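Q: Please find upload19.cif (mmCIF, C-alpha atoms) on the next line:
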```
data_work
#
loop_
_atom_site.label_atom_id
_atom_site.label_comp_id
_atom_site.auth_asym_id
_atom_site.auth_seq_id
_atom_site.Cartn_x
_atom_site.Cartn_y
_atom_site.Cartn_z
CA MET A 44 124.78 109.25 143.83
CA ALA A 45 127.72 110.79 145.71
CA ASN A 46 128.75 109.74 149.20
CA GLY A 47 126.02 107.80 150.99
CA SER A 48 124.81 107.78 154.56
CA GLY A 49 124.14 105.34 157.37
CA THR A 50 120.78 106.96 158.09
CA VAL A 51 119.18 105.34 155.02
CA PHE A 52 119.37 101.87 156.59
CA ASP A 53 115.94 102.05 158.19
CA GLU A 54 113.77 99.21 156.79
CA MET A 55 114.21 95.46 157.15
CA GLY A 56 113.30 92.95 154.47
CA THR A 57 112.15 95.18 151.66
CA LEU A 58 113.19 94.12 148.16
CA GLY A 59 114.21 95.57 144.84
CA VAL A 60 115.26 93.69 141.71
CA GLU A 61 117.44 95.10 138.93
CA GLU A 62 117.90 93.19 135.68
CA GLU A 63 120.21 93.99 132.78
CA TYR A 64 119.11 92.96 129.29
CA PHE A 65 120.29 93.01 125.69
CA VAL A 66 118.38 94.87 122.99
CA VAL A 67 118.31 92.64 119.91
CA ASP A 68 116.82 92.81 116.42
CA SER A 69 114.33 90.46 114.79
CA ASP A 70 117.12 87.89 114.32
CA GLY A 71 118.18 88.09 117.95
CA VAL A 72 121.40 89.96 117.13
CA PRO A 73 122.43 92.72 119.59
CA VAL A 74 121.71 96.17 118.20
CA ALA A 75 121.89 99.74 119.51
CA GLY A 76 118.53 100.60 121.01
CA SER A 77 119.03 102.38 124.29
CA ASP A 78 118.88 105.89 122.80
CA GLU A 79 115.50 105.16 121.28
CA LEU A 80 114.07 103.29 124.27
CA VAL A 81 115.48 105.50 127.02
CA TYR A 82 115.76 109.00 125.53
CA GLU A 83 113.60 109.27 122.44
CA HIS A 84 110.47 107.76 123.98
CA ASP A 85 109.00 107.38 127.44
CA ALA A 86 108.59 103.85 128.70
CA PRO A 87 104.96 103.13 129.59
CA PRO A 88 103.58 102.57 133.08
CA PRO A 89 104.42 100.77 135.29
CA ILE A 90 108.07 101.00 134.16
CA THR A 91 108.11 104.74 133.44
CA GLY A 92 111.35 106.07 134.86
CA ASP A 93 112.60 102.56 135.64
CA VAL A 94 114.36 101.79 132.35
CA ASP A 95 117.91 103.03 131.86
CA HIS A 96 120.81 102.30 129.55
CA GLU A 97 124.14 100.81 130.46
CA LEU A 98 127.63 101.22 129.02
CA PHE A 99 126.82 99.80 125.58
CA LYS A 100 123.85 100.99 123.56
CA PHE A 101 122.55 97.44 123.23
CA VAL A 102 122.26 96.98 127.01
CA LEU A 103 119.35 98.17 129.18
CA GLU A 104 118.64 97.97 132.89
CA THR A 105 115.24 97.81 134.56
CA ARG A 106 114.31 97.94 138.21
CA THR A 107 111.23 97.08 140.17
CA ARG A 108 109.81 99.54 142.62
CA LYS A 109 110.45 98.88 146.29
CA LEU A 110 108.64 95.70 147.33
CA ASP A 111 107.45 94.74 150.80
CA GLY A 112 108.86 91.23 150.60
CA PRO A 113 109.55 88.17 148.45
CA GLU A 114 105.89 87.32 147.93
CA ALA A 115 105.52 90.42 145.76
CA ALA A 116 108.66 89.83 143.70
CA PRO A 117 107.52 87.27 141.07
CA ALA A 118 104.58 89.38 139.90
CA ALA A 119 106.68 92.56 139.91
CA VAL A 120 109.48 90.97 137.90
CA ARG A 121 107.03 89.56 135.35
CA THR A 122 105.24 92.87 135.00
CA VAL A 123 108.52 94.65 134.28
CA ARG A 124 109.56 92.02 131.76
CA GLU A 125 106.24 91.90 129.94
CA THR A 126 105.97 95.67 129.76
CA LEU A 127 109.55 96.01 128.53
CA GLN A 128 108.97 93.36 125.86
CA GLU A 129 105.84 95.09 124.61
CA TYR A 130 107.53 98.49 124.63
CA ALA A 131 110.59 97.18 122.78
CA ALA A 132 108.41 95.37 120.20
CA GLU A 133 106.56 98.62 119.43
CA HIS A 134 109.91 100.03 118.30
CA GLY A 135 111.09 96.98 116.38
CA PHE A 136 113.27 95.35 119.05
CA GLN A 137 113.32 92.19 121.11
CA ILE A 138 114.83 91.63 124.57
CA ALA A 139 117.33 88.91 125.45
CA ALA A 140 119.26 88.02 128.59
CA ALA A 141 122.46 86.20 129.53
CA GLY A 142 125.60 87.11 131.42
CA VAL A 143 127.23 87.87 128.06
CA HIS A 144 125.46 87.74 124.70
CA PRO A 145 127.26 85.19 122.48
CA ALA A 146 126.69 87.30 119.34
CA ALA A 147 128.02 90.56 120.78
CA ASP A 148 131.45 91.68 119.53
CA TRP A 149 132.54 94.51 121.81
CA GLN A 150 134.67 96.08 119.08
CA LEU A 151 131.64 96.60 116.82
CA HIS A 152 129.19 98.19 119.26
CA GLU A 153 128.65 101.80 120.30
CA HIS A 154 129.09 103.04 123.83
CA ALA A 155 126.52 105.25 125.51
CA GLU A 156 127.22 108.96 125.33
CA LYS A 157 126.21 109.72 128.92
CA PRO A 158 129.02 111.67 130.63
CA ARG A 159 129.20 109.10 133.43
CA TYR A 160 130.08 106.32 131.00
CA ARG A 161 132.40 108.48 128.91
CA ALA A 162 134.32 109.32 132.08
CA GLN A 163 134.55 105.61 132.97
CA LEU A 164 135.84 104.74 129.51
CA ASP A 165 138.47 107.45 129.75
CA ARG A 166 139.57 106.36 133.22
CA ILE A 167 139.41 102.57 132.88
CA GLN A 168 140.23 102.19 129.19
CA TYR A 169 140.44 98.66 127.67
CA PRO A 170 138.74 96.68 130.45
CA GLN A 171 135.68 98.94 130.30
CA HIS A 172 135.65 99.18 126.50
CA ARG A 173 135.08 95.41 126.29
CA ASN A 174 132.60 95.13 129.18
CA THR A 175 129.60 93.64 127.35
CA THR A 176 128.25 92.03 130.51
CA ALA A 177 124.79 91.88 132.07
CA GLY A 178 123.85 90.92 135.61
CA LEU A 179 121.05 90.47 138.10
CA HIS A 180 121.14 92.60 141.26
CA VAL A 181 118.98 91.93 144.31
CA HIS A 182 118.52 94.60 147.00
CA VAL A 183 117.31 93.62 150.46
CA GLY A 184 116.51 96.36 152.98
CA VAL A 185 118.39 96.33 156.30
CA ASP A 186 117.45 98.37 159.37
CA GLY A 187 120.81 99.54 160.60
CA PRO A 188 124.19 100.39 159.08
CA GLU A 189 126.24 98.18 161.43
CA LYS A 190 123.93 95.27 160.70
CA ALA A 191 124.25 95.92 156.95
CA VAL A 192 128.05 95.81 157.05
CA TRP A 193 128.04 92.65 159.20
CA ILE A 194 125.65 90.96 156.78
CA THR A 195 127.76 92.07 153.82
CA ASN A 196 130.83 90.51 155.40
CA GLU A 197 129.11 87.23 156.26
CA ILE A 198 127.16 86.78 153.04
CA ARG A 199 130.38 86.67 151.02
CA ARG A 200 130.82 82.94 151.64
CA TYR A 201 127.44 82.26 150.04
CA LEU A 202 128.09 84.32 146.90
CA PRO A 203 129.79 81.51 144.94
CA ILE A 204 126.58 79.50 145.33
CA PHE A 205 124.67 82.24 143.50
CA LEU A 206 127.30 82.38 140.79
CA ALA A 207 127.52 78.62 140.26
CA LEU A 208 123.74 78.35 139.95
CA SER A 209 123.32 81.45 137.78
CA ALA A 210 126.30 80.89 135.44
CA ASN A 211 124.87 81.76 132.04
CA SER A 212 127.71 83.10 129.90
CA PRO A 213 130.04 80.51 128.37
CA PHE A 214 130.60 82.54 125.18
CA TRP A 215 132.28 85.90 124.67
CA ASN A 216 132.86 87.54 121.28
CA GLY A 217 131.63 84.31 119.69
CA PHE A 218 134.31 82.25 121.44
CA ASP A 219 133.68 79.42 123.91
CA THR A 220 135.73 80.57 126.88
CA GLY A 221 135.68 77.21 128.67
CA LEU A 222 134.10 79.06 131.60
CA CYS A 223 130.51 78.78 132.75
CA SER A 224 130.39 82.50 133.65
CA ALA A 225 132.69 84.49 131.41
CA ARG A 226 130.83 87.54 132.66
CA ALA A 227 132.22 87.15 136.17
CA LYS A 228 135.81 87.08 134.93
CA ILE A 229 135.36 89.87 132.37
CA PHE A 230 133.64 92.14 134.88
CA GLU A 231 136.22 91.71 137.61
CA ASN A 232 138.88 93.11 135.27
CA LEU A 233 137.37 96.50 136.14
CA PRO A 234 138.54 98.32 139.26
CA ASN A 235 136.44 98.07 142.44
CA THR A 236 134.90 94.73 141.49
CA GLY A 237 135.01 91.13 142.63
CA MET A 238 134.88 89.64 146.09
CA PRO A 239 135.17 92.47 148.66
CA THR A 240 137.32 92.33 151.76
CA ASN A 241 136.03 92.47 155.33
CA PHE A 242 135.04 95.78 156.93
CA GLU A 243 135.21 95.98 160.71
CA ASP A 244 132.16 98.22 161.02
CA PHE A 245 130.15 100.85 159.18
CA ALA A 246 132.62 103.60 160.06
CA ALA A 247 135.35 101.64 158.29
CA TYR A 248 133.18 101.22 155.20
CA GLU A 249 132.21 104.89 155.28
CA ARG A 250 135.87 105.92 155.51
CA PHE A 251 136.71 103.71 152.56
CA GLU A 252 133.88 105.11 150.46
CA SER A 253 134.90 108.68 151.32
CA ARG A 254 138.56 107.99 150.55
CA MET A 255 137.67 106.62 147.13
CA LEU A 256 135.65 109.76 146.38
CA GLU A 257 138.21 112.18 147.75
CA THR A 258 141.01 110.64 145.70
CA ASP A 259 138.96 110.69 142.47
CA SER A 260 139.11 106.91 142.29
CA ILE A 261 135.35 106.92 141.71
CA ARG A 262 132.86 109.62 140.74
CA ASP A 263 130.18 108.36 143.11
CA SER A 264 129.61 105.42 145.44
CA GLY A 265 127.64 103.64 142.71
CA GLU A 266 131.00 102.89 141.07
CA LEU A 267 131.92 100.47 143.85
CA TRP A 268 130.89 97.45 141.81
CA TYR A 269 131.74 94.65 144.23
CA ASP A 270 129.89 91.32 144.22
CA VAL A 271 128.01 92.52 147.30
CA ARG A 272 127.88 95.92 148.94
CA PRO A 273 126.01 97.86 151.58
CA HIS A 274 124.18 100.36 149.39
CA THR A 275 124.59 103.64 151.25
CA GLY A 276 122.24 105.45 148.91
CA ILE A 277 119.09 103.41 149.56
CA GLY A 278 119.79 101.34 152.67
CA THR A 279 120.08 97.82 151.29
CA VAL A 280 122.51 94.96 151.07
CA GLU A 281 122.89 94.51 147.31
CA VAL A 282 123.84 91.07 145.97
CA ARG A 283 125.37 91.69 142.55
CA ILE A 284 127.10 88.43 141.62
CA PRO A 285 124.52 86.50 139.50
CA ASP A 286 124.59 86.44 135.72
CA ALA A 287 121.51 87.86 134.00
CA GLN A 288 118.82 85.25 133.40
CA ASP A 289 116.61 84.58 130.40
CA ARG A 290 114.39 82.23 132.45
CA VAL A 291 112.19 84.15 134.86
CA GLY A 292 111.84 81.27 137.31
CA HIS A 293 115.58 81.44 137.93
CA VAL A 294 115.23 85.12 138.84
CA ASP A 295 112.55 84.17 141.36
CA ALA A 296 114.88 81.63 142.95
CA PHE A 297 117.81 84.03 143.35
CA VAL A 298 115.58 86.75 144.78
CA GLU A 299 114.10 84.27 147.26
CA TYR A 300 117.55 83.02 148.27
CA ALA A 301 119.05 86.51 148.68
CA HIS A 302 116.12 87.65 150.82
CA ALA A 303 116.19 84.53 153.00
CA LEU A 304 119.95 84.79 153.50
CA VAL A 305 119.83 88.44 154.52
CA LEU A 306 117.02 87.82 157.01
CA ASP A 307 118.83 84.78 158.42
CA LEU A 308 122.06 86.75 158.85
CA ALA A 309 120.18 89.68 160.36
CA ALA A 310 118.73 87.36 163.01
CA ARG A 311 122.19 85.95 163.73
CA TYR A 312 123.58 89.46 164.08
CA GLU A 313 120.80 90.38 166.50
CA ASP A 314 121.58 87.22 168.51
CA GLY A 315 125.15 88.45 168.93
CA GLU A 316 126.81 85.86 166.72
CA SER A 317 130.52 86.51 166.14
CA SER A 318 131.85 87.13 162.65
CA GLN A 319 133.51 84.20 160.95
CA ALA A 320 137.16 84.57 160.04
CA LEU A 321 136.95 84.27 156.25
CA ARG A 322 140.17 84.41 154.24
CA TRP A 323 139.66 86.47 151.10
CA GLU A 324 141.84 84.05 149.14
CA LEU A 325 139.53 81.11 149.87
CA LEU A 326 136.44 83.15 149.09
CA ASP A 327 138.03 84.10 145.77
CA GLU A 328 138.99 80.48 145.09
CA ASN A 329 135.37 79.45 145.55
CA LYS A 330 134.30 82.20 143.18
CA TRP A 331 136.78 80.92 140.62
CA ARG A 332 135.44 77.39 140.98
CA ALA A 333 131.89 78.65 140.52
CA LEU A 334 132.60 80.67 137.38
CA ARG A 335 134.75 77.93 135.88
CA TYR A 336 132.59 74.86 136.58
CA GLY A 337 129.10 76.21 137.30
CA GLN A 338 126.79 73.51 138.61
CA GLU A 339 129.56 70.91 138.42
CA THR A 340 131.63 72.70 141.04
CA ASP A 341 132.48 71.81 144.58
CA LEU A 342 133.22 74.54 147.10
CA ILE A 343 135.63 74.77 150.00
CA GLN A 344 133.88 74.93 153.38
CA PRO A 345 135.05 76.90 156.44
CA ASP A 346 136.35 73.69 158.05
CA GLY A 347 138.55 72.94 155.03
CA SER A 348 136.37 70.19 153.55
CA THR A 349 134.69 70.45 150.16
CA LEU A 350 131.05 69.89 149.28
CA SER A 351 129.41 69.47 145.89
CA LEU A 352 127.00 72.14 144.78
CA ALA A 353 124.20 69.55 145.03
CA GLU A 354 124.98 68.99 148.71
CA ILE A 355 125.21 72.71 149.37
CA VAL A 356 121.92 73.47 147.63
CA ASP A 357 120.13 70.79 149.66
CA ARG A 358 121.64 72.17 152.87
CA GLU A 359 120.72 75.76 152.08
CA ALA A 360 117.18 74.97 150.95
CA ASP A 361 116.50 72.92 154.07
CA ARG A 362 118.18 75.40 156.40
CA LEU A 363 116.30 78.41 155.07
CA GLY A 364 113.01 76.76 154.12
CA ILE A 365 113.21 77.69 150.42
CA GLU A 366 112.69 75.67 147.24
CA GLY A 367 113.73 77.84 144.30
CA ILE A 368 117.43 77.08 144.25
CA LYS A 369 116.64 73.35 144.25
CA ARG A 370 114.58 73.80 141.10
CA VAL A 371 117.39 75.80 139.48
CA TYR A 372 119.92 73.10 140.29
CA GLU A 373 117.68 70.34 138.97
CA ALA A 374 117.17 72.20 135.68
CA GLU A 375 119.74 72.35 132.91
CA SER A 376 122.22 75.09 133.73
CA GLY A 377 122.38 78.21 131.60
CA ALA A 378 125.93 77.51 130.40
CA THR A 379 125.18 73.87 129.55
CA ARG A 380 121.97 74.85 127.80
CA GLN A 381 123.72 77.46 125.66
CA ARG A 382 126.44 75.04 124.59
CA ARG A 383 123.92 72.28 123.83
CA ILE A 384 121.68 74.50 121.73
CA LEU A 385 124.61 75.87 119.74
CA GLU A 386 125.92 72.37 119.04
CA GLU A 387 122.55 70.83 118.21
CA SER A 388 120.80 73.68 116.40
CA GLY A 389 123.27 76.46 115.61
CA PRO A 390 123.69 80.15 116.45
CA GLU A 391 120.25 81.29 115.29
CA ALA A 392 118.56 78.87 117.68
CA LEU A 393 120.86 80.00 120.49
CA ARG A 394 119.93 83.63 119.93
CA GLU A 395 116.25 82.64 119.98
CA ALA A 396 116.70 80.73 123.22
CA LEU A 397 118.05 83.81 125.00
CA LEU A 398 114.92 85.88 124.44
CA ILE A 399 113.49 86.50 127.88
CA GLU A 400 110.54 84.74 129.45
CA PRO A 401 107.66 85.36 129.75
CA ARG A 402 107.40 86.29 126.09
CA VAL A 403 104.85 88.63 124.60
#
```
Would you put the structure from the file into structure tokens?
A:
Amino acid sequence: MANGSGTVFDEMGTLGVEEEYFVVDSDGVPVAGSDELVYEHDAPPPITGDVDHELFKFVLETRTRKLDGPEAAPAAVRTVRETLQEYAAEHGFQIAAAGVHPAADWQLHEHAEKPRYRAQLDRIQYPQHRNTTAGLHVHVGVDGPEKAVWITNEIRRYLPIFLALSANSPFWNGFDTGLCSARAKIFENLPNTGMPTNFEDFAAYERFESRMLETDSIRDSGELWYDVRPHTGIGTVEVRIPDAQDRVGHVDAFVEYAHALVLDLAARYEDGESSQALRWELLDENKWRALRYGQETDLIQPDGSTLSLAEIVDREADRLGIEGIKRVYEAESGATRQRRILEESGPEALREALLIEPRV
């Protein structure tokens, strides 16, 4: 994908879900498998053409087809997961998910040989060489480029909520980082990542994208890896901040929340609501709080007060008429669950716990 276009923003409320996974062996240990599963064999229907590798050979990405709305998402996500599990099992692999796999040592794993990734490794060096992360990306269609940029600007203040609820990566290289989402901090060491700044309009975003291409800062617009972006290749607002999830019900909740937020913001844009003045530094502080403390965090509000995540989740669920994020909050968090299982039952049990649901 080279430079995108504003003309692709022509549908409102469609959905697409991308999930990154770890290929693991029979003991749940990450192992190179992307060559075999992506290149040496064809994934079966309905995921034919929708399985790709990532930077490391033990990481895969899947995507659903374009969906009409959130009602179709749970079945689509489960179909992708079940088919991927069956396909991987046929070739001697299992599939796991977390923001970072606790048993993955970046120094011991092979990188993909695709020219795109080789170019990134050459350009970015150490930060990319150690990028053993996996995320969940939710695309929501937006019918207009100006609307998409406005939504992207406004949705930034909600992104720490996604991260706090999804935080599922306390370990990196076998070390307890003290963070709830080590993935978020590791990933934002790359260029063109993290909490984006405000763009006045689509023309400003388009100029920025073009400038990055013209100066060889990126090879294509897909290398703008911010926590949210207007996707100028397919006409969506893409929320990219959540950690990957082993529990499928959590995926449902984040898809539901992203879709509801985008539709709510679209309605506010159409009503002529003014943009909020959001300081990047405070947005980034809330992101830090989310990745550090997960569900135990409190977040700074636009009026300068702070609210607990529990209060925020209740407010958002009631405001948008959704339930999924309440269920996620009431469940044991991913980071807490990983630490508990390791302490109570050891590393083998932790690796087992990260195998994705539903299981074959």
Q: Which is closest to Lys228 in chain A among A:Gly278, A:Gly142, A:Pro188, A:Gly292, if we use all atoms listed in the file?
A: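 Checking each candidate against Lys228 in chain A, we get A:Gly142 as the closest.
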Q: Please report, as JSON lines, each residue of range 307-332 of chain A lying at most 8 Å from range 197-200 of chain A, together with the nearest pair of atoms and the separation in Å rounded to one decimal; use all atoms listed in the file, and order rows by chain and ascending residue number.
A:
```
{"residue": "A:Leu308", "atom": "CA", "partner": "A:Glu197", "partner_atom": "CA", "distance": 7.5}
{"residue": "A:Ser318", "atom": "CA", "partner": "A:Glu197", "partner_atom": "CA", "distance": 7.0}
{"residue": "A:Gln319", "atom": "CA", "partner": "A:Glu197", "partner_atom": "CA", "distance": 7.1}
{"residue": "A:Leu321", "atom": "CA", "partner": "A:Arg200", "partner_atom": "CA", "distance": 7.8}
{"residue": "A:Leu326", "atom": "CA", "partner": "A:Arg200", "partner_atom": "CA", "distance": 6.2}
```
Q: Write out as a list in words the residues lying within 12 Å of Ser264 in chain A, counting only C-alpha atoms and excluding same-chain residues fewer than 3 positions away.
A: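 Surrounding residues, per the criterion: Met44, Ala45, Asn46, Gly47, Ser48, Asn235, Tyr248, Glu249, Arg250, Phe251, Glu252, Ser253, Arg254, Met255, Leu256, Glu257, Asp259, Ser260, Ile261, Leu267, Trp268, Tyr269, Arg272, Pro273, His274, Thr275, Gly276 and Ile277 of chain A.
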Q: Do you know which residues the PyMOL selection byres ((chain A and resi 369-373) around 8) returns on this file, as a list in words?
A: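 Listing what the PyMOL selection byres ((chain A and resi 369-373) around 8) selects in the shown file: Leu208, His293, Ala296, Gln338, Ala353, Val356, Asp357, Ala360, Glu366, Gly367, Ile368, Ala374, Glu375 and Ser376 of chain A.
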Q: On this structure, the PyMOL selection byres ((chain A and resi 62) around 8) would catch which residues? List them as a PyMOL selection string, sorted by chain and number.
A: chain A and resi 60-61+63-64+104-106+177-180+287
Q: Please measure the separation of CA of Val51 in chain A and CA of Gly315 in chain A, giving the value in Å to one decimal.
A: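 For CA of Val51 in chain A relative to CA of Gly315 in chain A, the distance reads 22.7 Å.
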Q: Restricting the calculation to only C-alpha atoms: of A:Phe99, A:Trp331, A:Trp323, A:Tyr201, which residue gets closest to Glu153 in chain A?
A: A:Phe99
Q: Rounded to one decimal in Å, what is the spacing between CA of Arg362 in chain A and CA of Ala378 in chain A?
A: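 Taking CA of Arg362 in chain A as the start and CA of Ala378 in chain A as the end point, the length is 27.2 Å.
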Q: State, in Å with one decimal place, the distance from CA of Val94 in chain A to CA of Gly184 in chain A.
A: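 Taking CA of Val94 in chain A and CA of Gly184 in chain A, their separation equals 21.4 Å.
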Q: Can you list what the PyMOL selection byres ((chain A and resi 72-74) around 8) grabs from this structure, as an mmCIF file with C-alpha atoms, in the coordinates of the input?
A:
```
data_model
loop_
_atom_site.group_PDB
_atom_site.id
_atom_site.type_symbol
_atom_site.label_atom_id
_atom_site.label_comp_id
_atom_site.auth_asym_id
_atom_site.auth_seq_id
_atom_site.Cartn_x
_atom_site.Cartn_y
_atom_site.Cartn_z
ATOM 1 C CA PHE A 65 120.290 93.010 125.690
ATOM 2 C CA VAL A 66 118.380 94.870 122.990
ATOM 3 C CA VAL A 67 118.310 92.640 119.910
ATOM 4 C CA ASP A 68 116.820 92.810 116.420
ATOM 5 C CA SER A 69 114.330 90.460 114.790
ATOM 6 C CA ASP A 70 117.120 87.890 114.320
ATOM 7 C CA GLY A 71 118.180 88.090 117.950
ATOM 8 C CA ALA A 75 121.890 99.740 119.510
ATOM 9 C CA GLY A 76 118.530 100.600 121.010
ATOM 10 C CA LYS A 100 123.850 100.990 123.560
ATOM 11 C CA PHE A 101 122.550 97.440 123.230
ATOM 12 C CA HIS A 144 125.460 87.740 124.700
ATOM 13 C CA ALA A 146 126.690 87.300 119.340
ATOM 14 C CA ALA A 147 128.020 90.560 120.780
ATOM 15 C CA HIS A 152 129.190 98.190 119.260
ATOM 16 C CA ARG A 394 119.930 83.630 119.930
#
```
Q: Using all atoms listed in the file, which protein or nucleic acid residues come within 6 Å of Thr176 in chain A? Drop anything in the same chain fewer than 2 positions from it, and give the result as a VMD selection string.
A: chain A and resid 142 to 143 174 226
Q: Of the candidates A:Asp286, A:Asp93, A:Glu129, A:Asp346, which shows the shortest atom-to-atom distance to Ala333 in chain A, using only C-alpha atoms?
A: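 Checking each of A:Asp286, A:Asp93, A:Glu129, A:Asp346 against Ala333 in chain A, counting only C-alpha atoms, the winner is A:Asp286.
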Q: Tell me which residues come within 12 Å of (138.2, 101.3, 126.8), as a ChimeraX atom specification, counting all atoms listed in the file in the file's coordinates.
A: /A:98-99,149-150,153-154,160-175,232-233
Q: Generate a file of the selected residues that holds C-alpha atoms, formatted as a PDB file, in the frame of the given file.
A:
```pdb
ATOM      1  CA  LEU A  98     127.630 101.220 129.020  1.00  0.00           C
ATOM      2  CA  PHE A  99     126.820  99.800 125.580  1.00  0.00           C
ATOM      3  CA  TRP A 149     132.540  94.510 121.810  1.00  0.00           C
ATOM      4  CA  GLN A 150     134.670  96.080 119.080  1.00  0.00           C
ATOM      5  CA  GLU A 153     128.650 101.800 120.300  1.00  0.00           C
ATOM      6  CA  HIS A 154     129.090 103.040 123.830  1.00  0.00           C
ATOM      7  CA  TYR A 160     130.080 106.320 131.000  1.00  0.00           C
ATOM      8  CA  ARG A 161     132.400 108.480 128.910  1.00  0.00           C
ATOM      9  CA  ALA A 162     134.320 109.320 132.080  1.00  0.00           C
ATOM     10  CA  GLN A 163     134.550 105.610 132.970  1.00  0.00           C
ATOM     11  CA  LEU A 164     135.840 104.740 129.510  1.00  0.00           C
ATOM     12  CA  ASP A 165     138.470 107.450 129.750  1.00  0.00           C
ATOM     13  CA  ARG A 166     139.570 106.360 133.220  1.00  0.00           C
ATOM     14  CA  ILE A 167     139.410 102.570 132.880  1.00  0.00           C
ATOM     15  CA  GLN A 168     140.230 102.190 129.190  1.00  0.00           C
ATOM     16  CA  TYR A 169     140.440  98.660 127.670  1.00  0.00           C
ATOM     17  CA  PRO A 170     138.740  96.680 130.450  1.00  0.00           C
ATOM     18  CA  GLN A 171     135.680  98.940 130.300  1.00  0.00           C
ATOM     19  CA  HIS A 172     135.650  99.180 126.500  1.00  0.00           C
ATOM     20  CA  ARG A 173     135.080  95.410 126.290  1.00  0.00           C
ATOM     21  CA  ASN A 174     132.600  95.130 129.180  1.00  0.00           C
ATOM     22  CA  THR A 175     129.600  93.640 127.350  1.00  0.00           C
ATOM     23  CA  ASN A 232     138.880  93.110 135.270  1.00  0.00           C
ATOM     24  CA  LEU A 233     137.370  96.500 136.140  1.00  0.00           C
TER      25      LEU A 233
END
```
Q: Name the closest residue to Leu222 in chain A among the candidates A:Gly135, A:Gly337, A:Pro285, A:Gly364; distances are taken between atoms, counting all atoms listed in the file.
A: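 Once distances to Leu222 in chain A are computed over all atoms listed in the file, the minimum belongs to A:Gly337.
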